[in-house]
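With compact mmCIF, C-alpha atoms and all ligand atoms inside, this is my_file36.txt:
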# COMPACT_ATOMS: atom_id res chain seq x y z
CA MET Y 1 -13.96 -38.00 8.57
CA THR Y 2 -12.86 -41.63 8.70
CA GLY Y 3 -9.19 -42.58 8.82
CA ASP Y 4 -9.09 -43.72 5.15
CA PHE Y 5 -9.03 -40.19 3.75
CA MET Y 6 -6.54 -37.34 3.79
CA ASP Y 7 -8.46 -34.30 5.03
CA ILE Y 8 -7.84 -31.06 3.17
CA PHE Y 9 -8.68 -29.23 6.42
CA GLN Y 10 -5.87 -31.03 8.29
CA LYS Y 11 -3.51 -28.08 7.79
CA CYS Y 12 -6.04 -25.88 9.64
CA PHE Y 13 -6.37 -28.31 12.52
CA ASP Y 14 -2.57 -28.46 12.80
CA TYR Y 15 -2.15 -24.67 12.65
CA ASP Y 16 -1.56 -23.43 16.21
CA ARG Y 17 0.77 -20.45 15.81
CA PRO Y 18 -1.87 -17.83 16.79
CA GLU Y 19 -2.94 -19.83 19.86
CA LYS Y 20 0.67 -20.15 21.01
CA VAL Y 21 1.26 -16.40 20.69
CA LYS Y 22 -2.07 -15.69 22.42
CA ALA Y 23 -1.08 -17.96 25.30
CA MET Y 24 2.03 -15.78 25.75
CA GLY Y 25 -0.18 -12.67 25.87
CA LEU Y 26 1.55 -11.26 22.79
CA TYR Y 27 -1.04 -11.64 20.02
CA PRO Y 28 -1.03 -8.32 18.13
CA TYR Y 29 -3.61 -8.77 15.37
CA PHE Y 30 -7.28 -7.86 14.87
CA VAL Y 31 -7.18 -5.29 17.68
CA PRO Y 32 -10.60 -3.60 17.60
CA LEU Y 33 -10.31 0.18 17.22
CA GLN Y 34 -13.11 2.39 18.47
CA GLY Y 35 -14.12 5.53 16.61
CA HIS Y 36 -12.58 7.40 13.68
CA VAL Y 37 -9.11 6.49 12.48
CA GLY Y 38 -7.30 9.60 13.60
CA ALA Y 39 -3.81 10.59 14.71
CA GLU Y 40 -4.80 9.72 18.26
CA MET Y 41 -7.55 7.24 19.02
CA GLU Y 42 -9.44 5.24 21.60
CA ILE Y 43 -8.59 1.56 21.86
CA GLY Y 44 -9.96 -0.53 24.71
CA GLY Y 45 -10.72 2.58 26.75
CA HIS Y 46 -7.19 4.01 26.36
CA SER Y 47 -5.97 6.80 24.13
CA LEU Y 48 -3.16 5.75 21.77
CA ILE Y 49 -1.04 7.69 19.29
CA MET Y 50 -1.80 6.02 15.98
CA LEU Y 51 1.42 5.18 14.15
CA GLY Y 52 -0.13 2.28 12.29
CA SER Y 53 -2.49 3.75 9.73
CA ASN Y 54 -1.99 4.44 6.02
CA ASN Y 55 -4.32 7.44 6.30
CA TYR Y 56 -1.45 9.66 5.10
CA LEU Y 57 -3.46 12.80 4.42
CA GLY Y 58 -5.58 12.28 7.53
CA LEU Y 59 -8.78 12.49 5.46
CA THR Y 60 -10.79 9.58 6.90
CA ASP Y 61 -12.56 11.96 9.27
CA ASN Y 62 -12.28 15.17 7.25
CA PRO Y 63 -15.70 16.88 7.60
CA TYR Y 64 -15.93 17.79 3.88
CA VAL Y 65 -14.98 14.28 2.76
CA MET Y 66 -17.44 12.67 5.18
CA GLU Y 67 -20.24 15.01 4.04
CA LYS Y 68 -19.62 14.16 0.35
CA SER Y 69 -19.67 10.48 1.22
CA ARG Y 70 -22.99 10.86 3.07
CA GLU Y 71 -24.47 12.84 0.17
CA ALA Y 72 -23.56 10.01 -2.22
CA ILE Y 73 -25.39 7.48 -0.05
CA THR Y 74 -28.42 9.75 -0.01
CA LYS Y 75 -28.36 10.13 -3.79
CA TYR Y 76 -27.26 6.65 -4.95
CA GLY Y 77 -27.86 4.32 -1.99
CA THR Y 78 -25.33 2.02 -0.37
CA GLY Y 79 -24.17 -0.20 -3.22
CA CYS Y 80 -24.24 -0.94 -6.95
CA THR Y 81 -24.91 -4.70 -6.67
CA GLY Y 82 -23.19 -5.47 -9.92
CA SER Y 83 -20.04 -5.28 -11.97
CA ARG Y 84 -18.88 -2.12 -13.72
CA PHE Y 85 -19.33 -4.07 -16.93
CA MET Y 86 -23.05 -4.59 -16.49
CA ASN Y 87 -25.27 -2.68 -14.07
CA GLY Y 88 -22.55 -1.32 -11.75
CA THR Y 89 -21.39 1.87 -13.47
CA LEU Y 90 -22.65 5.13 -11.98
CA ASP Y 91 -22.01 8.56 -13.47
CA ILE Y 92 -19.68 9.21 -10.53
CA HIS Y 93 -17.49 6.19 -11.43
CA LEU Y 94 -16.86 7.87 -14.80
CA GLU Y 95 -16.33 11.25 -13.13
CA LEU Y 96 -13.78 9.69 -10.76
CA GLU Y 97 -11.91 7.96 -13.60
CA ASP Y 98 -11.77 11.22 -15.51
CA ARG Y 99 -10.58 13.14 -12.42
CA LEU Y 100 -7.89 10.59 -11.64
CA ALA Y 101 -6.63 10.43 -15.23
CA LYS Y 102 -6.27 14.22 -15.21
CA PHE Y 103 -4.70 14.25 -11.73
CA LEU Y 104 -2.14 11.63 -12.81
CA LYS Y 105 -1.63 13.19 -16.27
CA LYS Y 106 -2.53 9.92 -17.98
CA GLU Y 107 -4.90 9.40 -20.92
CA ALA Y 108 -7.33 7.15 -19.07
CA CYS Y 109 -8.06 5.39 -15.80
CA LEU Y 110 -10.05 2.36 -14.67
CA THR Y 111 -11.20 1.88 -11.09
CA PHE Y 112 -11.33 -1.48 -9.33
CA SER Y 113 -12.97 -2.43 -6.04
CA THR Y 114 -9.63 -2.81 -4.22
CA GLY Y 115 -6.00 -2.10 -4.97
CA PHE Y 116 -5.33 -5.82 -4.64
CA GLN Y 117 -7.86 -6.49 -7.40
CA ALA Y 118 -6.35 -3.71 -9.53
CA ASN Y 119 -2.96 -5.47 -9.47
CA LEU Y 120 -4.45 -8.93 -9.91
CA GLY Y 121 -6.58 -7.73 -12.82
CA ALA Y 122 -4.06 -5.52 -14.60
CA ILE Y 123 -1.08 -7.87 -14.28
CA SER Y 124 -2.88 -11.12 -15.10
CA THR Y 125 -4.60 -9.52 -18.09
CA LEU Y 126 -1.42 -8.00 -19.52
CA GLY Y 127 0.98 -10.82 -18.67
CA GLN Y 128 -0.17 -13.71 -20.83
CA ARG Y 129 1.53 -16.84 -22.18
CA GLY Y 130 4.64 -15.83 -24.13
CA ASP Y 131 5.16 -12.65 -22.09
CA ILE Y 132 7.73 -12.08 -19.36
CA LEU Y 133 7.09 -10.24 -16.09
CA TYR Y 134 10.12 -8.84 -14.25
CA LEU Y 135 9.39 -8.42 -10.53
CA ASP Y 136 11.32 -6.82 -7.69
CA ARG Y 137 11.57 -9.43 -4.94
CA GLU Y 138 9.97 -7.10 -2.39
CA ASN Y 139 6.91 -6.29 -4.48
CA HIS Y 140 3.51 -6.42 -2.80
CA ALA Y 141 1.66 -9.75 -2.52
CA SER Y 142 -1.00 -8.60 -5.00
CA ILE Y 143 1.67 -8.19 -7.69
CA ILE Y 144 3.05 -11.63 -7.01
CA ASP Y 145 -0.39 -13.20 -7.06
CA GLY Y 146 -1.40 -11.28 -10.22
CA SER Y 147 1.73 -12.54 -11.95
CA ARG Y 148 0.85 -16.13 -11.13
CA LEU Y 149 -2.62 -15.85 -12.64
CA GLY Y 150 -1.89 -14.91 -16.23
CA TYR Y 151 0.47 -17.72 -17.37
CA ALA Y 152 3.30 -15.31 -18.22
CA LYS Y 153 6.85 -16.30 -17.31
CA VAL Y 154 7.80 -14.59 -14.04
CA VAL Y 155 11.37 -13.59 -13.26
CA LYS Y 156 12.30 -11.92 -9.97
CA PHE Y 157 15.29 -9.66 -9.42
CA LYS Y 158 16.97 -8.79 -6.12
CA HIS Y 159 15.41 -5.82 -4.38
CA LYS Y 160 16.28 -2.71 -6.43
CA ASP Y 161 19.21 -4.49 -8.09
CA LEU Y 162 19.23 -2.89 -11.53
CA ASP Y 163 22.43 -4.68 -12.55
CA GLN Y 164 20.80 -8.02 -12.00
CA LEU Y 165 17.69 -6.85 -13.86
CA ARG Y 166 19.83 -5.71 -16.80
CA HIS Y 167 21.46 -9.14 -16.90
CA ILE Y 168 18.05 -10.85 -16.93
CA LEU Y 169 16.71 -8.50 -19.61
CA GLU Y 170 19.72 -9.18 -21.79
CA LYS Y 171 19.04 -12.91 -21.57
CA ASN Y 172 15.43 -12.37 -22.66
CA LYS Y 173 16.06 -9.71 -25.28
CA GLY Y 174 13.30 -9.34 -27.85
CA GLU Y 175 10.57 -10.98 -25.73
CA PRO Y 176 7.52 -8.86 -24.85
CA GLY Y 177 7.92 -7.90 -21.21
CA LEU Y 178 6.76 -5.78 -18.30
CA ILE Y 179 8.89 -4.57 -15.39
CA ILE Y 180 6.75 -4.33 -12.26
CA THR Y 181 7.73 -2.52 -9.10
CA ASP Y 182 6.20 -0.92 -6.04
CA GLY Y 183 6.82 2.85 -6.15
CA VAL Y 184 7.08 3.11 -2.37
CA PHE Y 185 7.88 -0.32 -0.92
CA SER Y 186 5.10 -0.93 1.54
CA MET Y 187 7.12 -2.38 4.43
CA GLY Y 188 10.46 -0.55 4.25
CA GLY Y 189 9.17 2.80 2.94
CA ASP Y 190 12.11 2.92 0.51
CA LEU Y 191 11.58 3.94 -3.10
CA ALA Y 192 12.11 2.21 -6.43
CA ASP Y 193 14.58 3.91 -8.76
CA ILE Y 194 11.93 4.62 -11.36
CA ASN Y 195 14.27 6.52 -13.68
CA GLY Y 196 16.72 3.61 -13.66
CA LEU Y 197 13.92 1.12 -14.34
CA ALA Y 198 12.53 3.32 -17.14
CA ASP Y 199 15.99 3.50 -18.72
CA LEU Y 200 16.15 -0.29 -18.78
CA ALA Y 201 12.59 -0.58 -20.05
CA GLU Y 202 13.43 1.78 -22.89
CA GLU Y 203 16.70 0.07 -23.74
CA PHE Y 204 15.18 -3.41 -23.84
CA GLY Y 205 11.82 -2.47 -25.38
CA VAL Y 206 9.72 -3.60 -22.42
CA ARG Y 207 7.05 -1.71 -20.47
CA LEU Y 208 7.07 -0.37 -16.89
CA LEU Y 209 4.23 -0.76 -14.37
CA VAL Y 210 4.53 1.05 -11.02
CA ASP Y 211 2.23 0.07 -8.16
CA ASP Y 212 2.24 3.33 -6.25
CA ALA Y 213 -0.31 2.38 -3.61
CA HIS Y 214 1.66 4.25 -0.94
CA GLY Y 215 2.98 7.00 -3.23
CA VAL Y 216 -0.07 8.46 -4.97
CA GLY Y 217 -1.48 10.99 -2.53
CA SER Y 218 1.70 11.14 -0.45
CA MET Y 219 4.73 11.63 -2.71
CA GLY Y 220 5.65 14.40 -5.14
CA ALA Y 221 4.87 18.11 -5.14
CA THR Y 222 1.22 17.56 -6.10
CA GLY Y 223 0.78 14.02 -4.75
CA MET Y 224 1.03 12.31 -8.15
CA GLY Y 225 3.37 9.81 -6.58
CA THR Y 226 6.89 8.45 -6.46
CA ALA Y 227 7.63 9.09 -10.14
CA GLU Y 228 6.64 12.74 -9.72
CA PHE Y 229 8.92 12.89 -6.66
CA GLN Y 230 11.76 11.56 -8.84
CA GLY Y 231 10.91 13.84 -11.77
CA CYS Y 232 10.01 11.04 -14.21
CA HIS Y 233 6.26 10.76 -14.13
CA SER Y 234 5.82 10.52 -17.90
CA ARG Y 235 8.20 7.54 -18.08
CA VAL Y 236 5.78 5.17 -16.29
CA ASP Y 237 3.61 3.22 -18.75
CA LEU Y 238 0.99 2.09 -16.25
CA THR Y 239 0.36 3.34 -12.71
CA VAL Y 240 -1.64 1.14 -10.34
CA GLY Y 241 -2.84 2.46 -7.01
CA THR Y 242 -5.30 2.23 -4.19
CA PHE Y 243 -7.89 4.31 -2.39
CA SER Y 244 -7.23 2.52 0.91
CA LYS Y 245 -4.47 4.87 2.00
CA SER Y 246 -4.31 8.59 1.16
CA PHE Y 247 -7.79 8.47 -0.36
CA ALA Y 248 -9.40 7.47 2.89
CA CYS Y 249 -11.61 4.53 1.93
CA ILE Y 250 -11.23 1.47 -0.29
CA GLY Y 251 -10.77 0.75 -3.98
CA GLY Y 252 -8.04 0.74 -6.60
CA PHE Y 253 -7.18 1.96 -10.08
CA ALA Y 254 -4.95 1.54 -13.11
CA ALA Y 255 -4.04 4.61 -15.18
CA GLY Y 256 -2.23 4.75 -18.51
CA ASP Y 257 -2.72 4.91 -22.27
CA ALA Y 258 -6.36 4.93 -23.41
CA LYS Y 259 -5.98 1.75 -25.49
CA VAL Y 260 -4.40 -0.15 -22.60
CA ILE Y 261 -7.08 0.97 -20.18
CA SER Y 262 -9.80 0.05 -22.66
CA TYR Y 263 -8.22 -3.43 -22.97
CA LEU Y 264 -8.24 -3.81 -19.18
CA ARG Y 265 -11.79 -2.45 -18.98
CA HIS Y 266 -13.00 -5.21 -21.29
CA ASN Y 267 -10.75 -8.06 -20.17
CA ALA Y 268 -9.66 -7.72 -16.53
CA ARG Y 269 -11.52 -10.47 -14.73
CA THR Y 270 -11.26 -8.87 -11.28
CA ASN Y 271 -13.20 -5.95 -12.68
CA ILE Y 272 -15.69 -7.77 -14.87
CA PHE Y 273 -16.59 -10.51 -12.40
CA SER Y 274 -16.71 -8.41 -9.23
CA ALA Y 275 -19.11 -5.73 -8.02
CA SER Y 276 -18.16 -2.10 -8.49
CA LEU Y 277 -17.02 0.41 -5.90
CA PRO Y 278 -19.91 1.60 -3.70
CA PRO Y 279 -21.08 5.21 -4.14
CA ALA Y 280 -19.80 6.35 -0.74
CA SER Y 281 -16.27 5.25 -1.64
CA VAL Y 282 -16.39 6.85 -5.09
CA ALA Y 283 -17.53 10.14 -3.55
CA THR Y 284 -14.89 9.87 -0.81
CA VAL Y 285 -12.11 9.63 -3.40
CA ILE Y 286 -13.46 12.53 -5.47
CA ALA Y 287 -13.74 14.63 -2.29
CA SER Y 288 -10.21 13.60 -1.21
CA LEU Y 289 -8.90 14.78 -4.58
CA ASP Y 290 -10.74 18.10 -4.03
CA VAL Y 291 -9.03 18.48 -0.64
CA LEU Y 292 -5.60 17.48 -1.95
CA GLU Y 293 -5.86 19.97 -4.82
CA ARG Y 294 -7.04 22.74 -2.46
CA GLU Y 295 -4.61 21.93 0.35
CA PRO Y 296 -1.34 20.59 -1.10
CA GLU Y 297 0.28 21.60 2.20
CA LEU Y 298 -1.10 18.31 3.60
CA LEU Y 299 1.73 16.64 1.67
CA THR Y 300 4.29 18.81 3.45
CA LYS Y 301 2.66 18.08 6.80
CA VAL Y 302 2.79 14.30 6.50
CA HIS Y 303 6.45 14.40 5.45
CA ARG Y 304 7.24 16.81 8.27
CA ALA Y 305 5.76 14.36 10.81
CA ALA Y 306 7.68 11.43 9.28
CA LYS Y 307 10.93 13.43 9.18
CA ARG Y 308 10.62 14.43 12.83
CA CYS Y 309 10.12 10.81 13.85
CA ARG Y 310 12.80 9.47 11.48
CA GLU Y 311 15.39 11.87 12.88
CA GLY Y 312 14.32 11.15 16.46
CA LEU Y 313 14.50 7.35 15.99
CA SER Y 314 17.82 7.60 14.23
CA ASP Y 315 19.26 9.83 16.99
CA LEU Y 316 18.10 7.28 19.55
CA GLY Y 317 20.06 4.62 17.65
CA PHE Y 318 17.27 2.46 16.20
CA ASN Y 319 17.88 0.53 12.99
CA ILE Y 320 15.35 2.17 10.67
CA GLY Y 321 16.55 1.27 7.17
CA HIS Y 322 16.30 3.73 4.31
CA SER Y 323 12.78 5.07 4.13
CA GLU Y 324 11.95 8.23 2.16
CA ALA Y 325 8.17 7.94 2.43
CA PRO Y 326 5.87 8.45 5.44
CA ILE Y 327 6.53 4.83 6.45
CA ILE Y 328 9.35 4.05 8.86
CA PRO Y 329 10.37 0.47 9.75
CA ILE Y 330 12.06 -0.22 13.06
CA TYR Y 331 14.00 -3.45 12.62
CA VAL Y 332 13.86 -5.81 15.58
CA GLY Y 333 14.95 -9.24 14.26
CA GLU Y 334 13.09 -12.26 15.61
CA ASP Y 335 9.29 -12.52 15.44
CA LEU Y 336 8.69 -12.99 19.18
CA ASP Y 337 11.04 -10.12 20.08
CA CYS Y 338 9.04 -8.00 17.68
CA PHE Y 339 5.75 -8.98 19.36
CA ARG Y 340 7.22 -8.17 22.79
CA PHE Y 341 8.39 -4.77 21.58
CA TRP Y 342 5.00 -4.12 19.94
CA LYS Y 343 3.15 -5.04 23.14
CA ASP Y 344 5.19 -2.70 25.31
CA MET Y 345 4.74 0.13 22.79
CA PHE Y 346 0.99 -0.56 22.78
CA ASP Y 347 0.74 -0.70 26.58
CA ASN Y 348 2.60 2.61 26.73
CA GLY Y 349 0.16 4.33 24.35
CA VAL Y 350 1.63 3.97 20.85
CA PHE Y 351 -0.08 1.86 18.17
CA THR Y 352 2.31 0.31 15.62
CA ASN Y 353 2.14 -2.71 13.32
CA PRO Y 354 4.42 -5.72 13.87
CA VAL Y 355 5.52 -7.26 10.57
CA ILE Y 356 6.97 -10.78 10.62
CA SER Y 357 7.82 -13.47 8.09
CA PRO Y 358 6.60 -14.25 5.46
CA ALA Y 359 5.79 -10.54 4.93
CA VAL Y 360 9.51 -9.92 5.52
CA GLU Y 361 12.50 -12.27 5.42
CA PRO Y 362 12.80 -14.55 8.51
CA GLY Y 363 14.88 -12.74 11.14
CA ALA Y 364 13.99 -9.31 9.76
CA ALA Y 365 10.83 -8.70 11.82
CA MET Y 366 10.03 -5.03 12.26
CA LEU Y 367 7.57 -2.57 13.71
CA ARG Y 368 6.11 -0.67 10.80
CA THR Y 369 5.18 2.90 11.61
CA SER Y 370 3.32 5.24 9.26
CA PHE Y 371 2.41 8.89 9.51
CA MET Y 372 -0.43 11.31 8.89
CA ALA Y 373 -0.70 14.98 8.04
CA SER Y 374 -2.64 15.32 11.29
CA HIS Y 375 0.20 14.14 13.55
CA THR Y 376 1.40 17.10 15.61
CA ASP Y 377 4.97 17.69 16.80
CA ASP Y 378 3.76 17.00 20.32
CA MET Y 379 2.35 13.58 19.35
CA ILE Y 380 5.58 12.62 17.57
CA ASP Y 381 7.67 13.75 20.55
CA ARG Y 382 5.50 11.77 22.97
CA ALA Y 383 5.80 8.69 20.73
CA LEU Y 384 9.60 9.16 20.63
CA ASP Y 385 9.70 9.26 24.45
CA VAL Y 386 7.94 5.90 24.49
CA PHE Y 387 10.29 4.49 21.82
CA LYS Y 388 13.22 5.58 23.97
CA LYS Y 389 11.91 3.96 27.13
CA VAL Y 390 10.74 0.72 25.48
CA GLY Y 391 13.68 0.49 23.07
CA ARG Y 392 16.12 0.60 26.01
CA LYS Y 393 14.15 -2.03 27.90
CA HIS Y 394 14.36 -4.38 24.89
CA ASP Y 395 18.05 -3.61 24.24
CA LEU Y 396 17.30 -2.25 20.79
CA ILE Y 397 19.14 0.94 21.62
CA GLY Y 398 21.84 1.80 24.08
CA GLY Y 399 21.63 4.13 27.05
C1 LIG Y 401 2.02 -1.79 -2.52
C2 LIG Y 401 0.59 -2.19 -2.34
N1 LIG Y 401 -0.12 -2.54 -3.41
C3 LIG Y 401 -1.41 -2.90 -3.32
C4 LIG Y 401 -2.06 -2.95 -2.11
C5 LIG Y 401 -3.48 -3.39 -2.02
O1 LIG Y 401 -4.32 -2.32 -1.78
P1 LIG Y 401 -5.79 -2.47 -1.22
O2 LIG Y 401 -5.72 -2.28 0.26
O3 LIG Y 401 -6.52 -1.37 -1.91
O4 LIG Y 401 -6.30 -3.81 -1.62
C6 LIG Y 401 -1.37 -2.57 -0.96
C7 LIG Y 401 -2.05 -2.59 0.36
O5 LIG Y 401 -1.54 -2.88 1.36
C8 LIG Y 401 -0.01 -2.19 -1.07
O6 LIG Y 401 0.69 -1.87 0.01
Turn this file's structure into structure tokens for me.
Amino acid sequence: MTGDFMDIFQKCFDYDRPEKVKAMGLYPYFVPLQGHVGAEMEIGGHSLIMLGSNNYLGLTDNPYVMEKSREAITKYGTGCTGSRFMNGTLDIHLELEDRLAKFLKKEACLTFSTGFQANLGAISTLGQRGDILYLDRENHASIIDGSRLGYAKVVKFKHKDLDQLRHILEKNKGEPGLIITDGVFSMGGDLADINGLADLAEEFGVRLLVDDAHGVGSMGATGMGTAEFQGCHSRVDLTVGTFSKSFACIGGFAAGDAKVISYLRHNARTNIFSASLPPASVATVIASLDVLEREPELLTKVHRAAKRCREGLSDLGFNIGHSEAPIIPIYVGEDLDCFRFWKDMFDNGVFTNPVISPAVEPGAAMLRTSFMASHTDDMIDRALDVFKKVGRKHDLIGG
């Protein structure tokens, strides 16, 4: 372009952060994995213990789930090539929505093609001009983006600060509103106080939406999620979730009252103007629900693995926050220190995910670890040995 114009691409040409980190040999993203996502896997010819997957129930390579997925391709083909609204609804989409509604003890359910789209669609469709959305500051990006789309007023409260939320609700008394929170916070693995939020929702006549992407299929006695774990499932007005974690593929859903779901079904733009979930994914989720209902002990197993690691990391002296879910953060501090720690963990056979700003506050970079029902005690103990060695080298722990 000639010098007379401001180029919209200029920001891309100026963006050199990845190149700088690559030049230091510390670039941790887009690492190609080879083979099934399992508890231990091959990466670049080496075997690594996988502590970076959201495959909580370990179902991505479950033989029954894979067979059901293959059968769906044989019967329905590879894709629907259209929106649910038009030509993209298969009988198994309806079966899945019915199964999920029953599983979650809600009147109705609507599936979306990703969890991100479920939040974008549900929140932007419900939160219109004149409405108020109350957001926890640490909510997932899809909630924040969904809130921006619908023209509702958006008010954020400090992470899990119910006193501040009460104060804000008092100021907006009488206005139609929706409190929105993650059930399990995706980075810290800590939980929303859903009972406390439901109390406030009731007192101020607003509704409560819980995005339980990391909770459904991992939390609660039957896997219904964080609210089940806290004994208040029926107090959540709308549950949003994903199939990209415990349900071993991709997709999302919203579940709640039949009239609300019907409204979303006919108005949510991310559903109407986007192609529907492919048959293999629909069948994978139905099969995952079969397995979860048959083998609820998978829930105990994933928490057992997380507990073993949490206790081990805490005994070693790492700063691991307050996680109650099968996600454990290991706080490091500065972004580059986090990359260095990640690299040494990786080179010593443990795959983790480095999380830096803006996903977390600047200076609060962490390694995010997550657990699977298929992690054995031996794998966790071997990972802890590596944490000990590498943590000492990086002065994150004493000894
Ligand atoms: C809390 C939360 N909500 C929504 C999503 C989006 O889910 P999906 O991967 O299905 O788009 C995620 C995924 O990371 C998440 O952690």
Item to complete: Can you work out the spacing between CA of Asp190 in chain Y and CA of Ser314 in chain Y in Å, to one decimal?
Response: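 One can read the CA of Asp190 in chain Y to CA of Ser314 in chain Y distance as 15.6 Å.
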Practice prompt. Would you mind listing the residues within 7 Å of ligand LIG 401 (chain Y), counting all atoms listed in the file, as JSON, numbers by chain?
Written response: {"Y": [114, 115, 116, 117, 119, 139, 140, 142, 182, 185, 186, 211, 212, 213, 214, 241, 242, 243, 244, 250, 251, 252]}
Worksheet item: Residues at most 12 Å from His303 in chain Y, counting all atoms listed in the file, excluding those fewer than 5 positions away in the same chain, as a ChimeraX atom specification?
Response: /Y:56-57,215,217-221,223,296-298,308-311,323-328,370-377
Worksheet entry | Exercise: Ser147 in chain Y partners within 8 Å, only C-alpha atoms, chain neighbours under 5 positions left out, as number ranges by chain | Y: 120, 123-124, 127, 133, 152, 154
Worksheet item: Which residue gives the smallest distance to Arg382 in chain Y among Y:Met50, Y:Val206, Y:Leu26, Y:Cys232, with only C-alpha atoms counted?
Response: Y:Met50
For Asn267 in chain Y: contacts at 9 Å, only C-alpha atoms, fewer than 4 positions along chain excluded, given as a PDB file with C-alpha atoms, in the coordinates of the input:
ATOM      1  CA  GLY Y 121      -6.580  -7.730 -12.820  1.00  0.00           C
ATOM      2  CA  THR Y 125      -4.600  -9.520 -18.090  1.00  0.00           C
ATOM      3  CA  SER Y 262      -9.800   0.050 -22.660  1.00  0.00           C
ATOM      4  CA  TYR Y 263      -8.220  -3.430 -22.970  1.00  0.00           C
ATOM      5  CA  ASN Y 271     -13.200  -5.950 -12.680  1.00  0.00           C
ATOM      6  CA  ILE Y 272     -15.690  -7.770 -14.870  1.00  0.00           C
TER       7      ILE Y 272
END
Fill in: d(CA of Glu97 in chain Y, CA of Val216 in chain Y) in Å
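It comes out at 14.7 Å.
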Discussion item. For a quick check of understanding, using all atoms listed in the file, which of Y:Gly256, Y:Pro354, Y:Gly77, Y:Gly363 has the smallest distance to Ala283 in chain Y?
Written reply: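 So, comparing all the options, the nearest one is Y:Gly77.
Relative to CA of Thr239 in chain Y, CA of Ala254 in chain Y is found at 5.6 Å.
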Discussion item. Excluding Val210 in chain Y and its own-chain neighbours fewer than 2 positions away, which residues fall within 8 Å of it when counting only C-alpha atoms? Please give them as a VMD selection string.
Written reply: chain Y and resid 180 to 183 208 212 236 238 to 240
Can those selected residues be exported to a file as a tab-separated table (two decimals), in the coordinates of the input so that it contains C-alpha atoms?
chain	number	residue	atom	x	y	z
Y	180	ILE	CA	6.75	-4.33	-12.26
Y	181	THR	CA	7.73	-2.52	-9.10
Y	182	ASP	CA	6.20	-0.92	-6.04
Y	183	GLY	CA	6.82	2.85	-6.15
Y	208	LEU	CA	7.07	-0.37	-16.89
Y	212	ASP	CA	2.24	3.33	-6.25
Y	236	VAL	CA	5.78	5.17	-16.29
Y	238	LEU	CA	0.99	2.09	-16.25
Y	239	THR	CA	0.36	3.34	-12.71
Y	240	VAL	CA	-1.64	1.14	-10.34
Spatial neighbours of Ala248 in chain Y, max dist 10 Å, only C-alpha atoms, sep filter under 4 positions, as a short mmCIF file (atom, residue, chain, number, x, y, z; two decimals) with C-alpha atoms, in the coordinates of the input:
data_model
loop_
_atom_site.label_atom_id
_atom_site.label_comp_id
_atom_site.auth_asym_id
_atom_site.auth_seq_id
_atom_site.Cartn_x
_atom_site.Cartn_y
_atom_site.Cartn_z
CA VAL Y 37 -9.11 6.49 12.48
CA ASN Y 54 -1.99 4.44 6.02
CA ASN Y 55 -4.32 7.44 6.30
CA TYR Y 56 -1.45 9.66 5.10
CA LEU Y 57 -3.46 12.80 4.42
CA GLY Y 58 -5.58 12.28 7.53
CA LEU Y 59 -8.78 12.49 5.46
CA THR Y 60 -10.79 9.58 6.90
CA ASP Y 61 -12.56 11.96 9.27
CA ASN Y 62 -12.28 15.17 7.25
CA VAL Y 65 -14.98 14.28 2.76
CA MET Y 66 -17.44 12.67 5.18
CA THR Y 242 -5.30 2.23 -4.19
CA PHE Y 243 -7.89 4.31 -2.39
CA SER Y 244 -7.23 2.52 0.91
CA SER Y 281 -16.27 5.25 -1.64
CA THR Y 284 -14.89 9.87 -0.81
CA VAL Y 285 -12.11 9.63 -3.40
CA ALA Y 287 -13.74 14.63 -2.29
CA SER Y 288 -10.21 13.60 -1.21
#
Worksheet item: Quick one: of Y:Ile92, Y:Trp342, Y:Leu299, Y:Gly177, who's nearest to Lys68 in chain Y, counting all atoms listed in the file?
Response: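 Among Y:Ile92, Y:Trp342, Y:Leu299, Y:Gly177, it is Y:Ile92 that comes nearest to Lys68 in chain Y.
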